[in-house]
file work_30.txt (compact mmCIF, C-alpha atoms and all ligand atoms)
# COMPACT_ATOMS: atom_id res chain seq x y z
CA MET U 22 -54.66 44.52 -58.45
CA ARG U 23 -54.31 44.08 -62.17
CA ILE U 24 -50.80 44.97 -63.25
CA LEU U 25 -49.31 45.18 -66.74
CA PHE U 26 -45.57 45.32 -67.34
CA LEU U 27 -44.38 46.05 -70.89
CA GLY U 28 -40.80 45.44 -72.04
CA ASP U 29 -38.30 47.76 -73.72
CA VAL U 30 -40.07 50.21 -76.05
CA MET U 31 -38.00 50.29 -79.23
CA GLY U 32 -37.89 53.52 -81.24
CA ARG U 33 -40.73 55.12 -83.17
CA ALA U 34 -42.51 51.84 -83.92
CA GLY U 35 -42.61 50.97 -80.22
CA ARG U 36 -43.77 54.44 -79.21
CA ALA U 37 -46.54 54.39 -81.82
CA ALA U 38 -47.82 51.01 -80.59
CA ILE U 39 -47.83 52.25 -76.99
CA SER U 40 -49.75 55.41 -77.94
CA GLU U 41 -52.24 53.54 -80.11
CA THR U 42 -52.85 50.44 -78.00
CA LEU U 43 -52.07 51.04 -74.33
CA PRO U 44 -55.03 53.40 -73.64
CA ARG U 45 -57.41 50.68 -74.88
CA LEU U 46 -55.70 47.89 -72.90
CA ARG U 47 -55.79 50.04 -69.80
CA ASP U 48 -59.61 50.26 -70.10
CA GLU U 49 -60.45 46.82 -71.47
CA TRP U 50 -58.25 44.94 -69.01
CA ARG U 51 -59.19 47.35 -66.16
CA LEU U 52 -55.53 47.81 -65.26
CA ASP U 53 -54.68 49.29 -61.87
CA PHE U 54 -51.00 49.82 -62.50
CA VAL U 55 -48.86 49.89 -65.64
CA VAL U 56 -45.06 49.82 -65.88
CA VAL U 57 -43.30 50.38 -69.19
CA ASN U 58 -39.57 49.94 -69.79
CA GLY U 59 -38.50 52.97 -71.83
CA GLU U 60 -34.75 52.54 -72.18
CA ASN U 61 -34.81 52.30 -76.00
CA ALA U 62 -37.79 54.52 -76.83
CA SER U 63 -35.75 57.36 -78.36
CA SER U 64 -33.97 56.21 -81.56
CA GLY U 65 -33.34 52.85 -79.86
CA MET U 66 -30.94 54.50 -77.39
CA GLY U 67 -32.22 55.92 -74.14
CA LEU U 68 -35.31 57.98 -73.41
CA SER U 69 -35.83 61.71 -73.94
CA GLY U 70 -38.05 63.78 -71.68
CA GLU U 71 -40.44 64.37 -74.56
CA HIS U 72 -40.83 60.64 -75.19
CA ALA U 73 -41.19 59.93 -71.47
CA LYS U 74 -44.19 62.28 -71.46
CA LEU U 75 -45.69 60.37 -74.34
CA LEU U 76 -45.42 57.04 -72.47
CA PHE U 77 -47.12 58.54 -69.42
CA GLU U 78 -49.86 60.12 -71.55
CA ALA U 79 -50.59 56.71 -73.08
CA GLY U 80 -51.20 55.22 -69.63
CA ALA U 81 -47.92 54.24 -67.99
CA ASP U 82 -47.80 54.88 -64.22
CA CYS U 83 -44.08 54.17 -64.03
CA VAL U 84 -41.30 54.05 -66.63
CA THR U 85 -38.17 52.02 -65.92
CA LEU U 86 -34.86 52.43 -67.77
CA GLY U 87 -31.74 50.21 -67.95
CA ASP U 88 -28.12 50.29 -69.09
CA HIS U 89 -29.18 52.89 -71.73
CA ALA U 90 -30.74 55.12 -69.03
CA PHE U 91 -28.79 58.26 -69.88
CA ASP U 92 -28.02 57.80 -73.59
CA GLN U 93 -30.31 60.79 -74.22
CA LYS U 94 -28.51 63.55 -72.38
CA ASP U 95 -31.63 65.43 -71.31
CA MET U 96 -32.60 62.47 -69.09
CA LEU U 97 -29.77 63.46 -66.73
CA GLN U 98 -31.90 66.47 -65.73
CA TYR U 99 -35.35 65.22 -66.65
CA ILE U 100 -35.26 62.25 -64.26
CA GLU U 101 -34.94 64.67 -61.34
CA GLN U 102 -38.16 66.42 -62.41
CA ASP U 103 -40.31 63.33 -62.88
CA SER U 104 -40.09 60.81 -60.05
CA ARG U 105 -42.21 58.31 -62.02
CA ILE U 106 -39.04 57.42 -63.96
CA ILE U 107 -36.87 54.76 -62.31
CA ARG U 108 -33.27 54.01 -63.30
CA PRO U 109 -31.35 50.96 -62.11
CA LEU U 110 -30.55 50.98 -58.37
CA ASN U 111 -26.95 49.96 -59.02
CA PHE U 112 -26.30 52.13 -62.11
CA ALA U 113 -23.56 54.29 -60.59
CA LYS U 114 -23.08 55.96 -57.23
CA GLY U 115 -23.37 59.45 -58.70
CA ALA U 116 -26.24 58.81 -61.14
CA PRO U 117 -29.19 61.21 -60.94
CA GLY U 118 -32.68 59.96 -60.18
CA ARG U 119 -33.51 56.89 -58.14
CA GLY U 120 -33.69 53.14 -58.45
CA HIS U 121 -36.93 52.52 -56.57
CA ARG U 122 -40.09 54.32 -55.59
CA LEU U 123 -43.33 53.62 -53.75
CA PHE U 124 -46.17 54.62 -56.12
CA THR U 125 -49.86 55.06 -55.38
CA ALA U 126 -52.07 53.18 -57.85
CA ARG U 127 -55.38 54.71 -58.99
CA GLY U 128 -57.24 52.59 -56.44
CA GLY U 129 -55.02 53.91 -53.64
CA GLN U 130 -52.84 50.80 -53.28
CA LYS U 131 -49.12 51.31 -52.74
CA VAL U 132 -46.89 49.73 -55.38
CA LEU U 133 -43.12 49.47 -55.04
CA VAL U 134 -41.14 49.42 -58.27
CA VAL U 135 -37.44 48.54 -58.21
CA GLN U 136 -34.99 48.10 -61.06
CA ALA U 137 -31.57 46.47 -60.93
CA LEU U 138 -28.88 45.77 -63.53
CA GLY U 139 -27.25 42.37 -63.75
CA GLN U 140 -23.53 41.68 -63.88
CA VAL U 141 -23.25 38.73 -66.31
CA PHE U 142 -22.27 39.58 -69.93
CA MET U 143 -22.97 43.30 -69.39
CA LYS U 144 -20.73 45.93 -71.00
CA ARG U 145 -19.85 47.65 -67.74
CA ALA U 146 -19.22 46.26 -64.28
CA PHE U 147 -22.16 47.22 -62.09
CA ASP U 148 -22.41 46.80 -58.33
CA ASP U 149 -24.03 43.71 -56.82
CA PRO U 150 -27.75 43.77 -57.75
CA PHE U 151 -28.76 41.25 -55.09
CA GLY U 152 -27.47 43.32 -52.19
CA ALA U 153 -29.05 46.44 -53.68
CA VAL U 154 -32.48 44.82 -54.11
CA GLU U 155 -32.27 43.23 -50.65
CA GLY U 156 -32.08 46.61 -48.95
CA VAL U 157 -35.14 47.96 -50.75
CA LEU U 158 -37.25 44.83 -50.21
CA LYS U 159 -36.43 44.83 -46.51
CA SER U 160 -37.69 48.39 -46.06
CA HIS U 161 -40.85 47.81 -48.18
CA PRO U 162 -42.43 44.52 -47.07
CA ARG U 163 -44.97 43.00 -49.47
CA GLY U 164 -48.39 43.03 -47.82
CA GLY U 165 -47.09 45.68 -45.39
CA LEU U 166 -45.87 49.03 -46.68
CA ALA U 167 -46.45 47.88 -50.28
CA GLN U 168 -49.57 46.11 -51.56
CA ALA U 169 -47.56 45.02 -54.61
CA VAL U 170 -43.83 44.82 -55.30
CA ILE U 171 -42.44 44.82 -58.85
CA VAL U 172 -38.78 44.05 -59.61
CA ASP U 173 -37.41 44.78 -63.11
CA MET U 174 -34.20 42.76 -63.50
CA HIS U 175 -32.36 44.29 -66.44
CA CYS U 176 -29.68 41.98 -67.79
CA GLU U 177 -28.54 39.53 -70.46
CA ALA U 178 -28.35 36.22 -68.65
CA THR U 179 -31.51 34.22 -67.98
CA SER U 180 -29.59 32.45 -65.19
CA GLU U 181 -29.06 35.72 -63.33
CA LYS U 182 -32.72 36.66 -63.86
CA MET U 183 -33.97 33.32 -62.51
CA ALA U 184 -31.68 33.65 -59.50
CA MET U 185 -33.19 37.10 -58.83
CA GLY U 186 -36.69 35.62 -59.17
CA HIS U 187 -35.99 33.00 -56.50
CA PHE U 188 -34.14 35.56 -54.37
CA CYS U 189 -37.30 37.72 -54.29
CA ASN U 190 -39.74 34.78 -53.96
CA GLY U 191 -42.28 35.66 -51.28
CA ARG U 192 -41.10 39.27 -51.16
CA ALA U 193 -42.05 40.50 -54.64
CA SER U 194 -45.36 40.21 -56.51
CA LEU U 195 -43.55 40.15 -59.86
CA VAL U 196 -39.95 39.70 -60.95
CA VAL U 197 -39.60 40.32 -64.67
CA GLY U 198 -36.52 40.51 -66.85
CA THR U 199 -35.87 43.17 -69.47
CA HIS U 200 -32.98 44.05 -71.84
CA THR U 201 -32.75 41.12 -74.28
CA HIS U 202 -35.73 42.32 -76.39
CA VAL U 203 -36.96 38.75 -76.89
CA PRO U 204 -39.81 37.40 -74.73
CA THR U 205 -39.30 34.12 -72.94
CA GLY U 206 -42.03 31.50 -72.46
CA ASP U 207 -41.53 30.73 -68.78
CA ALA U 208 -44.22 32.83 -67.05
CA GLN U 209 -45.03 31.14 -63.75
CA ILE U 210 -45.87 31.80 -60.13
CA LEU U 211 -43.05 30.76 -57.81
CA SER U 212 -43.79 28.83 -54.59
CA GLU U 213 -44.29 31.90 -52.37
CA GLY U 214 -46.54 33.89 -54.71
CA THR U 215 -44.02 35.73 -56.86
CA ALA U 216 -44.93 35.91 -60.54
CA TYR U 217 -41.88 35.44 -62.72
CA LEU U 218 -40.92 35.86 -66.38
CA SER U 219 -37.29 35.76 -67.54
CA ASP U 220 -37.80 38.44 -70.19
CA ALA U 221 -40.74 40.64 -71.08
CA GLY U 222 -39.52 41.04 -74.67
CA MET U 223 -39.60 44.39 -76.45
CA CYS U 224 -42.38 46.62 -77.66
CA GLY U 225 -40.98 46.87 -81.16
CA ASP U 226 -40.87 45.49 -84.70
CA TYR U 227 -39.87 41.82 -84.55
CA ASN U 228 -38.86 41.79 -88.24
CA SER U 229 -35.46 43.01 -87.04
CA VAL U 230 -32.41 42.05 -85.02
CA ILE U 231 -33.59 42.80 -81.47
CA GLY U 232 -35.49 45.83 -82.76
CA MET U 233 -32.85 47.25 -85.09
CA GLU U 234 -33.30 47.32 -88.86
CA LYS U 235 -31.63 44.02 -89.73
CA THR U 236 -29.27 44.90 -92.62
CA GLU U 237 -26.47 46.48 -90.56
CA PRO U 238 -26.43 44.01 -87.65
CA MET U 239 -26.47 41.13 -90.16
CA ARG U 240 -23.60 42.72 -92.11
CA ARG U 241 -21.56 43.02 -88.92
CA PHE U 242 -22.21 39.40 -87.97
CA ILE U 243 -21.51 38.08 -91.46
CA THR U 244 -18.54 40.26 -92.49
CA GLY U 245 -17.30 41.76 -89.21
CA MET U 246 -17.21 45.13 -91.00
CA PRO U 247 -19.48 47.92 -89.83
CA LYS U 248 -20.70 50.24 -92.57
CA ALA U 249 -23.63 52.21 -91.16
CA ARG U 250 -25.30 53.12 -87.89
CA PHE U 251 -27.94 50.99 -86.25
CA THR U 252 -31.47 52.34 -86.74
CA PRO U 253 -34.67 50.97 -85.20
CA ALA U 254 -36.87 48.87 -87.49
CA THR U 255 -40.06 50.67 -88.49
CA GLY U 256 -42.66 47.93 -89.09
CA GLU U 257 -45.67 47.46 -86.84
CA ALA U 258 -44.58 46.75 -83.28
CA THR U 259 -45.76 43.99 -80.99
CA LEU U 260 -46.46 45.16 -77.45
CA SER U 261 -44.81 42.48 -75.33
CA GLY U 262 -44.86 41.93 -71.61
CA VAL U 263 -46.68 40.30 -68.75
CA TYR U 264 -50.00 40.69 -66.93
CA VAL U 265 -50.32 39.84 -63.24
CA GLU U 266 -53.21 39.74 -60.81
CA THR U 267 -52.25 40.20 -57.19
CA ASP U 268 -53.97 39.91 -53.81
CA ASP U 269 -54.08 43.41 -52.25
CA ARG U 270 -53.86 41.99 -48.74
CA THR U 271 -50.75 39.84 -49.17
CA GLY U 272 -49.27 41.20 -52.39
CA ALA U 273 -48.98 37.64 -53.69
CA ALA U 274 -49.54 36.93 -57.39
CA LYS U 275 -52.68 34.94 -58.17
CA ARG U 276 -52.47 34.83 -61.94
CA VAL U 277 -49.81 35.55 -64.54
CA VAL U 278 -50.25 35.72 -68.32
CA MET U 279 -47.79 36.62 -71.07
CA VAL U 280 -48.95 39.51 -73.21
CA ARG U 281 -48.30 40.04 -76.91
CA GLN U 282 -50.48 42.50 -78.83
CA GLY U 283 -50.20 43.56 -82.48
CA GLY U 284 -47.32 43.13 -84.92
CA LEU U 285 -45.75 39.82 -85.92
CA LEU U 286 -45.62 37.73 -82.75
CA GLN U 287 -48.24 35.14 -81.86
CA GLN U 288 -50.92 37.03 -79.96
CA SER U 289 -51.55 36.52 -76.28
CA ALA U 290 -53.82 38.32 -73.79
CA PRO U 291 -55.16 37.77 -70.27
FE FE U 301 -33.31 47.40 -74.12
FE FE U 302 -30.71 47.30 -71.79
call {"tool": "encode", "arguments": {"input": "work_30.txt", "output": "structure tokens"}}
result
Amino acid sequence: MRILFLGDVMGRAGRAAISETLPRLRDEWRLDFVVVNGENASSGMGLSGEHAKLLFEAGADCVTLGDHAFDQKDMLQYIEQDSRIIRPLNFAKGAPGRGHRLFTARGGQKVLVVQALGQVFMKRAFDDPFGAVEGVLKSHPRGGLAQAVIVDMHCEATSEKMAMGHFCNGRASLVVGTHTHVPTGDAQILSEGTAYLSDAGMCGDYNSVIGMEKTEPMRRFITGMPKARFTPATGEATLSGVYVETDDRTGAAKRVVMVRQGGLLQQSAP
């Protein structure tokens, strides 16, 4: 299978790049399954139902969220209507929606998508992500119930992401980090066929501070005095993420390539 995972879509610029570019990538790269992280698609904070529709129309098969899952209040209801949206497994006991789902790709293959939140340097204390992911992986064996297994590890610390990568080695097809909005350069295939990238980066304007118009975050760093709200930067976005080819029989990754399309970042394609 050919799988594309795109990192956090940031505001209007990110949404526009997804709408304009993803349909073409889907065709040209003959993608079987596409996951998009949508946690910042609406004004940089959360995802509205309307914007979720837009991501699916552009070619996403699954949209994952993150710590900003329910910043847009309508997602509290909307997630129950559209099971293609996945929020973190360990978000909160009472959170609506679900943290994993077995999807059917266009070619009929079953694809498990799981998302977990890390615990290091996060604003809230979330439950143990390793135990949560363990349970789901056990009940959806790679090469058994699922032809491919994708784990979105949403957290700050690269150390925690790498630990999750090794934890899932041999059991996931791809472990990819999200949340920091900056892509890392460590795409690799771990020893037991798990593709790994510490962070997918964002789909947003990189002339910014992690996707936000840079004046206000710079003012806060330099003076410590907030003056205005954060607003997403509006320049052309780079679509950023990772492409993986997997073996349908075993679910193992055979090839992994970092993806960066459009905008300011150095371009990269499979
Ligand atoms: Fe994010
Ligand atoms: Fe996040």
call {"tool": "residues_around", "arguments": {"input": "work_30.txt", "residues": "range 80-83 of chain U", "least_positions_apart": "5", "cutoff": "8 Å", "atoms": "only C-alpha atoms", "output": "PyMOL selection string"}}
result
chain U and resi 43-44+47+54-57+105-107+126
call {"tool": "residues_around", "arguments": {"input": "work_30.txt", "residues": "range 280-289 of chain U", "least_positions_apart": "4", "cutoff": "8 Å", "atoms": "all atoms listed in the file", "output": "list in words"}}
result
Asp226, Tyr227, Asn228, Gly256, Glu257, Ala258, Thr259, Leu260, Ser261, Gly262, Val263 and Tyr264 of chain U
call {"tool": "residues_near_ligand", "arguments": {"input": "work_30.txt", "ligand": "ligand FE 302 (chain U)", "cutoff": "10 Å", "atoms": "all atoms listed in the file", "output": "list in words"}}
result
Asp29, Asn58, Gly59, Glu60, Asn61, Met66, Gly67, Leu86, Gly87, Asp88, His89, Ala90, Leu138, Met143, His175, Cys176, Glu177, Thr199, His200, Thr201 and His202 of chain U
call {"tool": "closest_residue", "arguments": {"input": "work_30.txt", "among": "U:Met239, U:Val203, U:Ala208, U:Ala137", "to": "ligand FE 301 (chain U)", "atoms": "only C-alpha atoms and all ligand atoms"}}
result
U:Val203
call {"tool": "atom_distance", "arguments": {"input": "work_30.txt", "atom1": "CA of Met185 in chain U", "atom2": "CA of Val84 in chain U"}}
result
20.3 Å
call {"tool": "residues_around", "arguments": {"input": "work_30.txt", "residues": "range 111-124 of chain U", "least_positions_apart": "2", "cutoff": "8 Å", "atoms": "all atoms listed in the file", "output": "PyMOL selection string"}}
result
chain U and resi 88+97-98+100-101+104-109+126+131-138+147-150+153+157+167
call {"tool": "decode", "arguments": {"input": "work_30.txt", "residues": "range 54-71 of chain U", "atoms": "C-alpha atoms", "output": "compact mmCIF listing (two decimals), in the first residue's frame"}}
result
# COMPACT_ATOMS: atom_id res chain seq x y z
CA PHE U 54 -4.61 5.66 2.15
CA VAL U 55 -4.18 9.23 3.39
CA VAL U 56 -4.14 10.46 6.99
CA VAL U 57 -4.17 14.17 7.79
CA ASN U 58 -3.70 15.66 11.26
CA GLY U 59 -6.35 18.37 11.56
CA GLU U 60 -5.94 19.64 15.12
CA ASN U 61 -5.06 23.22 14.08
CA ALA U 62 -7.05 23.55 10.86
CA SER U 63 -9.62 26.01 12.24
CA SER U 64 -7.98 29.34 13.21
CA GLY U 65 -4.97 27.36 14.46
CA MET U 66 -7.06 25.92 17.31
CA GLY U 67 -8.98 22.71 16.83
CA LEU U 68 -11.09 21.51 13.92
CA SER U 69 -14.66 22.47 13.04
CA GLY U 70 -17.05 20.06 11.37
CA GLU U 71 -17.09 22.26 8.28
